[in-house]
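Raw structure.pdb, PDB, C-alpha atoms:
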ATOM      1  CA  MET A   1     -22.243 -45.072   4.705
ATOM      2  CA  GLN A   2     -25.261 -42.804   4.625
ATOM      3  CA  THR A   3     -25.013 -39.081   3.957
ATOM      4  CA  VAL A   4     -24.502 -37.085   7.132
ATOM      5  CA  ASP A   5     -24.703 -33.416   7.948
ATOM      6  CA  ILE A   6     -21.295 -32.058   8.900
ATOM      7  CA  ASP A   7     -21.092 -29.138  11.318
ATOM      8  CA  THR A   8     -18.494 -27.110   9.424
ATOM      9  CA  GLY A   9     -18.085 -24.670  12.322
ATOM     10  CA  LEU A  10     -17.247 -27.529  14.674
ATOM     11  CA  ILE A  11     -14.872 -29.051  12.102
ATOM     12  CA  ARG A  12     -13.123 -25.679  11.781
ATOM     13  CA  ARG A  13     -12.896 -25.338  15.580
ATOM     14  CA  ALA A  14     -11.418 -28.855  15.846
ATOM     15  CA  ALA A  15      -8.856 -28.091  13.118
ATOM     16  CA  ILE A  16      -7.784 -24.932  14.943
ATOM     17  CA  SER A  17      -7.454 -26.903  18.164
ATOM     18  CA  LEU A  18      -5.351 -29.528  16.370
ATOM     19  CA  SER A  19      -3.049 -26.831  14.981
ATOM     20  CA  GLN A  20      -2.637 -25.451  18.510
ATOM     21  CA  GLY A  21      -1.662 -28.823  20.004
ATOM     22  CA  GLY A  22      -5.097 -29.913  21.216
ATOM     23  CA  VAL A  23      -6.538 -33.396  21.551
ATOM     24  CA  ILE A  24      -9.925 -34.036  19.969
ATOM     25  CA  ALA A  25     -12.463 -36.859  20.044
ATOM     26  CA  TYR A  26     -14.325 -37.887  16.900
ATOM     27  CA  PRO A  27     -16.325 -40.782  15.460
ATOM     28  CA  THR A  28     -14.492 -43.274  13.256
ATOM     29  CA  GLU A  29     -15.686 -46.232  11.251
ATOM     30  CA  GLY A  30     -16.417 -48.420  14.283
ATOM     31  CA  VAL A  31     -15.384 -46.736  17.570
ATOM     32  CA  TRP A  32     -14.829 -43.237  18.866
ATOM     33  CA  GLY A  33     -11.278 -42.015  18.401
ATOM     34  CA  LEU A  34      -8.888 -39.598  19.997
ATOM     35  CA  GLY A  35      -6.776 -37.533  17.655
ATOM     36  CA  CYS A  36      -4.106 -34.880  17.514
ATOM     37  CA  ASP A  37      -1.543 -33.398  15.131
ATOM     38  CA  PRO A  38       0.917 -36.224  14.427
ATOM     39  CA  ALA A  39       3.729 -33.711  13.798
ATOM     40  CA  ASN A  40       3.341 -32.171  17.275
ATOM     41  CA  GLU A  41       5.281 -34.280  19.785
ATOM     42  CA  GLY A  42       3.752 -32.469  22.764
ATOM     43  CA  ALA A  43       0.212 -33.156  21.527
ATOM     44  CA  VAL A  44       1.025 -36.826  20.877
ATOM     45  CA  ARG A  45       2.509 -37.218  24.362
ATOM     46  CA  GLN A  46      -0.560 -35.539  25.884
ATOM     47  CA  LEU A  47      -2.818 -37.983  24.033
ATOM     48  CA  LEU A  48      -0.691 -40.943  25.184
ATOM     49  CA  GLN A  49      -0.862 -39.682  28.761
ATOM     50  CA  LEU A  50      -4.680 -39.404  28.583
ATOM     51  CA  LYS A  51      -4.864 -43.037  27.470
ATOM     52  CA  SER A  52      -2.046 -44.279  29.754
ATOM     53  CA  ARG A  53      -0.574 -45.771  26.567
ATOM     54  CA  PRO A  54       3.173 -46.326  26.210
ATOM     55  CA  VAL A  55       4.839 -44.628  23.245
ATOM     56  CA  GLU A  56       6.462 -47.955  22.286
ATOM     57  CA  LYS A  57       3.107 -49.299  21.073
ATOM     58  CA  GLY A  58       3.073 -46.799  18.205
ATOM     59  CA  LEU A  59       0.016 -45.077  16.792
ATOM     60  CA  ILE A  60      -2.191 -45.077  13.708
ATOM     61  CA  LEU A  61      -2.461 -42.163  11.316
ATOM     62  CA  VAL A  62      -5.780 -41.719   9.535
ATOM     63  CA  ALA A  63      -6.298 -39.609   6.440
ATOM     64  CA  GLY A  64      -8.925 -38.856   3.833
ATOM     65  CA  SER A  65      -6.373 -39.117   1.016
ATOM     66  CA  LEU A  66      -3.018 -40.785   0.527
ATOM     67  CA  ASN A  67      -1.335 -37.438  -0.240
ATOM     68  CA  GLN A  68      -2.130 -36.194   3.282
ATOM     69  CA  LEU A  69       0.257 -38.864   4.614
ATOM     70  CA  SER A  70       3.224 -37.874   2.420
ATOM     71  CA  PRO A  71       5.177 -35.916   5.090
ATOM     72  CA  PHE A  72       5.651 -39.153   7.054
ATOM     73  CA  PHE A  73       7.082 -41.314   4.245
ATOM     74  CA  ALA A  74      10.141 -41.417   2.004
ATOM     75  CA  SER A  75       7.829 -42.773  -0.693
ATOM     76  CA  LEU A  76       4.179 -43.618  -0.321
ATOM     77  CA  PRO A  77       3.209 -47.266  -0.684
ATOM     78  CA  ASP A  78       0.873 -48.279  -3.507
ATOM     79  CA  ILE A  79      -1.921 -48.856  -1.044
ATOM     80  CA  LYS A  80      -4.753 -47.694  -3.318
ATOM     81  CA  SER A  81      -4.758 -51.014  -5.156
ATOM     82  CA  LEU A  82      -5.271 -52.829  -1.862
ATOM     83  CA  LEU A  83      -8.196 -50.649  -0.838
ATOM     84  CA  VAL A  84     -10.427 -52.043  -3.550
ATOM     85  CA  GLU A  85      -9.782 -55.595  -2.327
ATOM     86  CA  HIS A  86     -11.393 -54.936   1.060
ATOM     87  CA  ASP A  87     -14.981 -54.039   1.780
ATOM     88  CA  ARG A  88     -14.213 -52.723   5.263
ATOM     89  CA  PRO A  89     -11.624 -50.334   6.680
ATOM     90  CA  VAL A  90      -8.139 -51.804   6.992
ATOM     91  CA  THR A  91      -5.186 -50.259   8.801
ATOM     92  CA  TRP A  92      -1.920 -51.053   7.014
ATOM     93  CA  VAL A  93       1.494 -51.259   8.664
ATOM     94  CA  VAL A  94       3.992 -49.849   6.150
ATOM     95  CA  ASN A  95       7.678 -48.913   6.120
ATOM     96  CA  HIS A  96       8.085 -45.159   6.606
ATOM     97  CA  GLY A  97      11.636 -44.892   5.272
ATOM     98  CA  GLY A  98      12.945 -42.892   8.231
ATOM     99  CA  TYR A  99      10.498 -39.992   7.785
ATOM    100  CA  CYS A 100       8.389 -40.775  10.831
ATOM    101  CA  PRO A 101       9.308 -39.683  14.355
ATOM    102  CA  ASP A 102       9.649 -42.279  17.109
ATOM    103  CA  TRP A 103       6.745 -40.751  19.041
ATOM    104  CA  LEU A 104       4.444 -42.062  16.285
ATOM    105  CA  SER A 105       6.174 -45.268  15.233
ATOM    106  CA  GLY A 106       7.142 -46.436  18.707
ATOM    107  CA  GLY A 107      10.748 -46.548  17.490
ATOM    108  CA  ARG A 108      10.037 -49.021  14.691
ATOM    109  CA  ASP A 109      10.696 -48.556  10.977
ATOM    110  CA  THR A 110       6.978 -48.997  10.278
ATOM    111  CA  LEU A 111       3.896 -46.868  10.762
ATOM    112  CA  ALA A 112       0.225 -47.846  10.792
ATOM    113  CA  ILE A 113      -1.974 -45.893   8.359
ATOM    114  CA  ARG A 114      -5.626 -46.000   7.331
ATOM    115  CA  LEU A 115      -7.363 -44.214   4.509
ATOM    116  CA  SER A 116     -10.901 -43.402   5.541
ATOM    117  CA  SER A 117     -14.076 -42.525   3.717
ATOM    118  CA  HIS A 118     -15.838 -41.580   6.967
ATOM    119  CA  PRO A 119     -17.270 -38.094   6.284
ATOM    120  CA  VAL A 120     -16.219 -36.618   9.644
ATOM    121  CA  ILE A 121     -12.650 -37.910   9.302
ATOM    122  CA  CYS A 122     -12.425 -36.678   5.714
ATOM    123  CA  ALA A 123     -13.737 -33.245   6.698
ATOM    124  CA  LEU A 124     -11.333 -33.015   9.664
ATOM    125  CA  CYS A 125      -8.302 -34.000   7.575
ATOM    126  CA  GLN A 126      -9.300 -31.619   4.784
ATOM    127  CA  GLU A 127      -9.793 -28.666   7.129
ATOM    128  CA  PHE A 128      -6.668 -29.475   9.163
ATOM    129  CA  GLY A 129      -4.623 -30.055   6.021
ATOM    130  CA  GLY A 130      -3.165 -33.422   6.942
ATOM    131  CA  PRO A 131      -3.628 -36.727   8.723
ATOM    132  CA  LEU A 132      -4.630 -37.206  12.336
ATOM    133  CA  VAL A 133      -3.420 -39.550  15.003
ATOM    134  CA  SER A 134      -6.213 -42.069  15.414
ATOM    135  CA  THR A 135      -6.460 -44.206  18.508
ATOM    136  CA  SER A 136      -9.517 -45.560  20.256
ATOM    137  CA  ALA A 137     -11.090 -43.231  22.809
ATOM    138  CA  ASN A 138     -10.528 -45.197  25.998
ATOM    139  CA  PRO A 139      -7.963 -45.495  28.755
ATOM    140  CA  ALA A 140      -5.598 -48.451  28.318
ATOM    141  CA  GLY A 141      -7.353 -51.671  29.285
ATOM    142  CA  ALA A 142     -10.882 -50.243  29.033
ATOM    143  CA  ALA A 143     -13.368 -50.948  26.253
ATOM    144  CA  PRO A 144     -13.305 -48.473  23.324
ATOM    145  CA  ALA A 145     -15.980 -45.783  23.526
ATOM    146  CA  LEU A 146     -18.931 -46.386  21.208
ATOM    147  CA  THR A 147     -20.763 -43.139  22.024
ATOM    148  CA  ALA A 148     -19.879 -39.522  22.716
ATOM    149  CA  GLU A 149     -21.267 -40.024  26.228
ATOM    150  CA  GLU A 150     -18.776 -42.839  26.875
ATOM    151  CA  VAL A 151     -15.930 -40.566  25.714
ATOM    152  CA  LYS A 152     -17.120 -37.914  28.174
ATOM    153  CA  ASN A 153     -17.325 -40.501  30.959
ATOM    154  CA  TYR A 154     -13.741 -41.605  30.287
ATOM    155  CA  PHE A 155     -12.112 -38.210  29.812
ATOM    156  CA  GLY A 156     -14.476 -35.507  31.094
ATOM    157  CA  ASP A 157     -13.272 -32.087  30.015
ATOM    158  CA  LEU A 158      -9.717 -33.258  29.205
ATOM    159  CA  ILE A 159     -10.657 -33.354  25.511
ATOM    160  CA  ASP A 160     -10.264 -29.982  23.787
ATOM    161  CA  VAL A 161     -13.000 -30.499  21.152
ATOM    162  CA  MET A 162     -15.633 -33.213  20.829
ATOM    163  CA  VAL A 163     -16.634 -33.554  17.171
ATOM    164  CA  GLU A 164     -20.163 -34.915  17.158
ATOM    165  CA  GLY A 165     -21.192 -37.460  14.575
ATOM    166  CA  GLU A 166     -22.170 -41.057  13.957
ATOM    167  CA  LEU A 167     -19.935 -44.097  13.812
ATOM    168  CA  GLY A 168     -19.439 -45.484  10.335
ATOM    169  CA  GLY A 169     -21.319 -48.743  10.738
ATOM    170  CA  GLU A 170     -18.430 -51.092  11.584
ATOM    171  CA  ASN A 171     -18.468 -53.175  14.753
ATOM    172  CA  GLY A 172     -15.372 -52.021  16.586
ATOM    173  CA  ALA A 173     -11.789 -51.299  15.664
ATOM    174  CA  SER A 174     -10.393 -51.870  12.178
ATOM    175  CA  GLU A 175      -8.365 -54.845  11.079
ATOM    176  CA  ILE A 176      -4.606 -54.247  11.021
ATOM    177  CA  ARG A 177      -2.476 -55.905   8.310
ATOM    178  CA  ASP A 178       1.177 -55.912   7.366
ATOM    179  CA  PHE A 179       1.457 -54.201   3.974
ATOM    180  CA  LEU A 180       4.278 -56.380   2.657
ATOM    181  CA  THR A 181       3.011 -59.793   3.738
ATOM    182  CA  GLY A 182      -0.744 -59.250   4.042
ATOM    183  CA  LYS A 183      -0.572 -60.955   7.444
ATOM    184  CA  ILE A 184      -3.380 -59.951   9.810
ATOM    185  CA  LEU A 185      -1.872 -58.389  12.918
ATOM    186  CA  ARG A 186      -5.226 -57.590  14.573
ATOM    187  CA  GLU A 187      -8.572 -59.013  13.556
ATOM    188  CA  ALA A 188     -11.393 -56.557  12.985
ATOM    189  CA  SER A 189     -13.921 -56.486  15.787
ATOM    190  CA  SER A 190     -17.150 -58.179  14.794
TER     191      SER A 190
END

Rewritten as structure tokens:
Amino acid sequence: MQTVDIDTGLIRRAAISLSQGGVIAYPTEGVWGLGCDPANEGAVRQLLQLKSRPVEKGLILVAGSLNQLSPFFASLPDIKSLLVEHDRPVTWVVNHGGYCPDWLSGGRDTLAIRLSSHPVICALCQEFGGPLVSTSANPAGAAPALTAEEVKNYFGDLIDVMVEGELGGENGASEIRDFLTGKILREASS
């Protein structure tokens, strides 16, 4: 990924909004995402309502470092070794050990997580001090937004902060794999 200029004022504003229960939009590796504070049930439910997404589907948490995910796990999986085996972003479904609320896991004993090197995501997680919910910026059944303009067309002013930036060069949503078996649960868009 090429070096990008990060608007630190906008990152700070987004982090404040997250801490106050807001929903933000931001670029990810391959699509625009919607995010909120995963520890705030009201914010998560607001995000799900915007997308018309049922809570039972569960959500992905994205972070810039594995330590940012620690509040949601009894013990963190040794995922770092798997990261070097993949040349593109992978979302891993891992056992959370009972530390994750149902509004994130969809009532399952697993949670989907992705470590990201995207500069906007890393800056957001650093400023916010933890992971973000990461789900594609689109209503259920619609194509994921690939531009900030598409996010605005989908959600208008229902997003609290739009964090401008470029996608990370992938073609669509990340691959999802089961951590224990390595089984692909969702192919990466190509």

* To do: Could you give me, as a PyMOL selection string, the residues within 8 Å of Pro27 in chain A, counting only C-alpha atoms and dropping anything in the same chain fewer than 3 positions from it?
  => chain A and resi 30-33+120-121+163-168

With C-alpha atoms retained, export the selected residues as an mmCIF file, keeping the file's coordinate frame.
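Generated file (again07.cif):
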data_model
loop_
_atom_site.group_PDB
_atom_site.id
_atom_site.type_symbol
_atom_site.label_atom_id
_atom_site.label_comp_id
_atom_site.auth_asym_id
_atom_site.auth_seq_id
_atom_site.Cartn_x
_atom_site.Cartn_y
_atom_site.Cartn_z
ATOM 1 C CA GLY A 30 -16.417 -48.420 14.283
ATOM 2 C CA VAL A 31 -15.384 -46.736 17.570
ATOM 3 C CA TRP A 32 -14.829 -43.237 18.866
ATOM 4 C CA GLY A 33 -11.278 -42.015 18.401
ATOM 5 C CA VAL A 120 -16.219 -36.618 9.644
ATOM 6 C CA ILE A 121 -12.650 -37.910 9.302
ATOM 7 C CA VAL A 163 -16.634 -33.554 17.171
ATOM 8 C CA GLU A 164 -20.163 -34.915 17.158
ATOM 9 C CA GLY A 165 -21.192 -37.460 14.575
ATOM 10 C CA GLU A 166 -22.170 -41.057 13.957
ATOM 11 C CA LEU A 167 -19.935 -44.097 13.812
ATOM 12 C CA GLY A 168 -19.439 -45.484 10.335
#

query = Please, which residues are within 8 Å of (-3.1, -32.3, 25.9) by the file's coordinates, counting only C-alpha atoms, and could they come as a list in words?
reply = Gly21, Gly22, Val23, Gly42, Ala43, Val44, Arg45, Gln46, Leu47, Leu50, Leu158, Ile159 and Asp160 of chain A

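Here CA of Leu69 in chain A is placed at a distance of 6.0 Å from CA of Pro131 in chain A.
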
Any chance you could work out the residue set of the PyMOL selection byres ((chain A and resi 54-65) around 8) here, as a PyMOL selection string? chain A and resi 38+45+48+52-53+66-69+91+103-107+111-117+121-123+125-126+130-135

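Contact shell of Arg12 in chain A at 9 Å (only C-alpha atoms; same-chain neighbours under 3 positions omitted): A:Asp7, A:Thr8, A:Gly9, A:Ala15, A:Ile16, A:Ser17, A:Leu124, A:Glu127, A:Phe128.
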
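Pairwise distance (CA of Asp102 in chain A, CA of Asp157 in chain A) equals 28.2 Å.
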
A straight line from CA of Leu180 in chain A to CA of Pro71 in chain A spans 20.6 Å

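Proximity to Ile6 in chain A was assessed for A:His118, A:Arg88, A:Gln20, A:Pro144 counting only C-alpha atoms; the smallest distance is recorded for A:His118.
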
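Minimum atom-to-atom distances from A:Pro89, A:Gly156, A:Glu175, A:Cys100 to Asn40 in chain A were compared using all atoms listed in the file, and the lowest value belongs to A:Cys100.
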
All residues 8 Å or closer to Leu185 in chain A, only C-alpha atoms, same chain fewer than 3 positions away omitted, as a PyMOL selection string
chain A and resi 175-178

Residue with the minimum atom-to-atom distance to Ala142 in chain A, picked from A:Tyr154, A:Val93, A:Met162, A:Glu29 with only C-alpha atoms counted, is A:Tyr154

Residue with the minimum atom-to-atom distance to Gly35 in chain A, picked from A:Asn95, A:Ser136, A:Ser174, A:Thr147 with all atoms listed in the file counted, is A:Ser136

Judged by only C-alpha atoms, the minimum distance to Ala145 in chain A among A:Thr28, A:Thr110, A:Ser19, A:Thr181 is found for A:Thr28

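Remark: for Phe155 in chain A, the closest of the candidate residues A:Asn171, A:Ser70, A:Ser75, A:Gln49 is A:Gln49 (distances computed over all atoms listed in the file).
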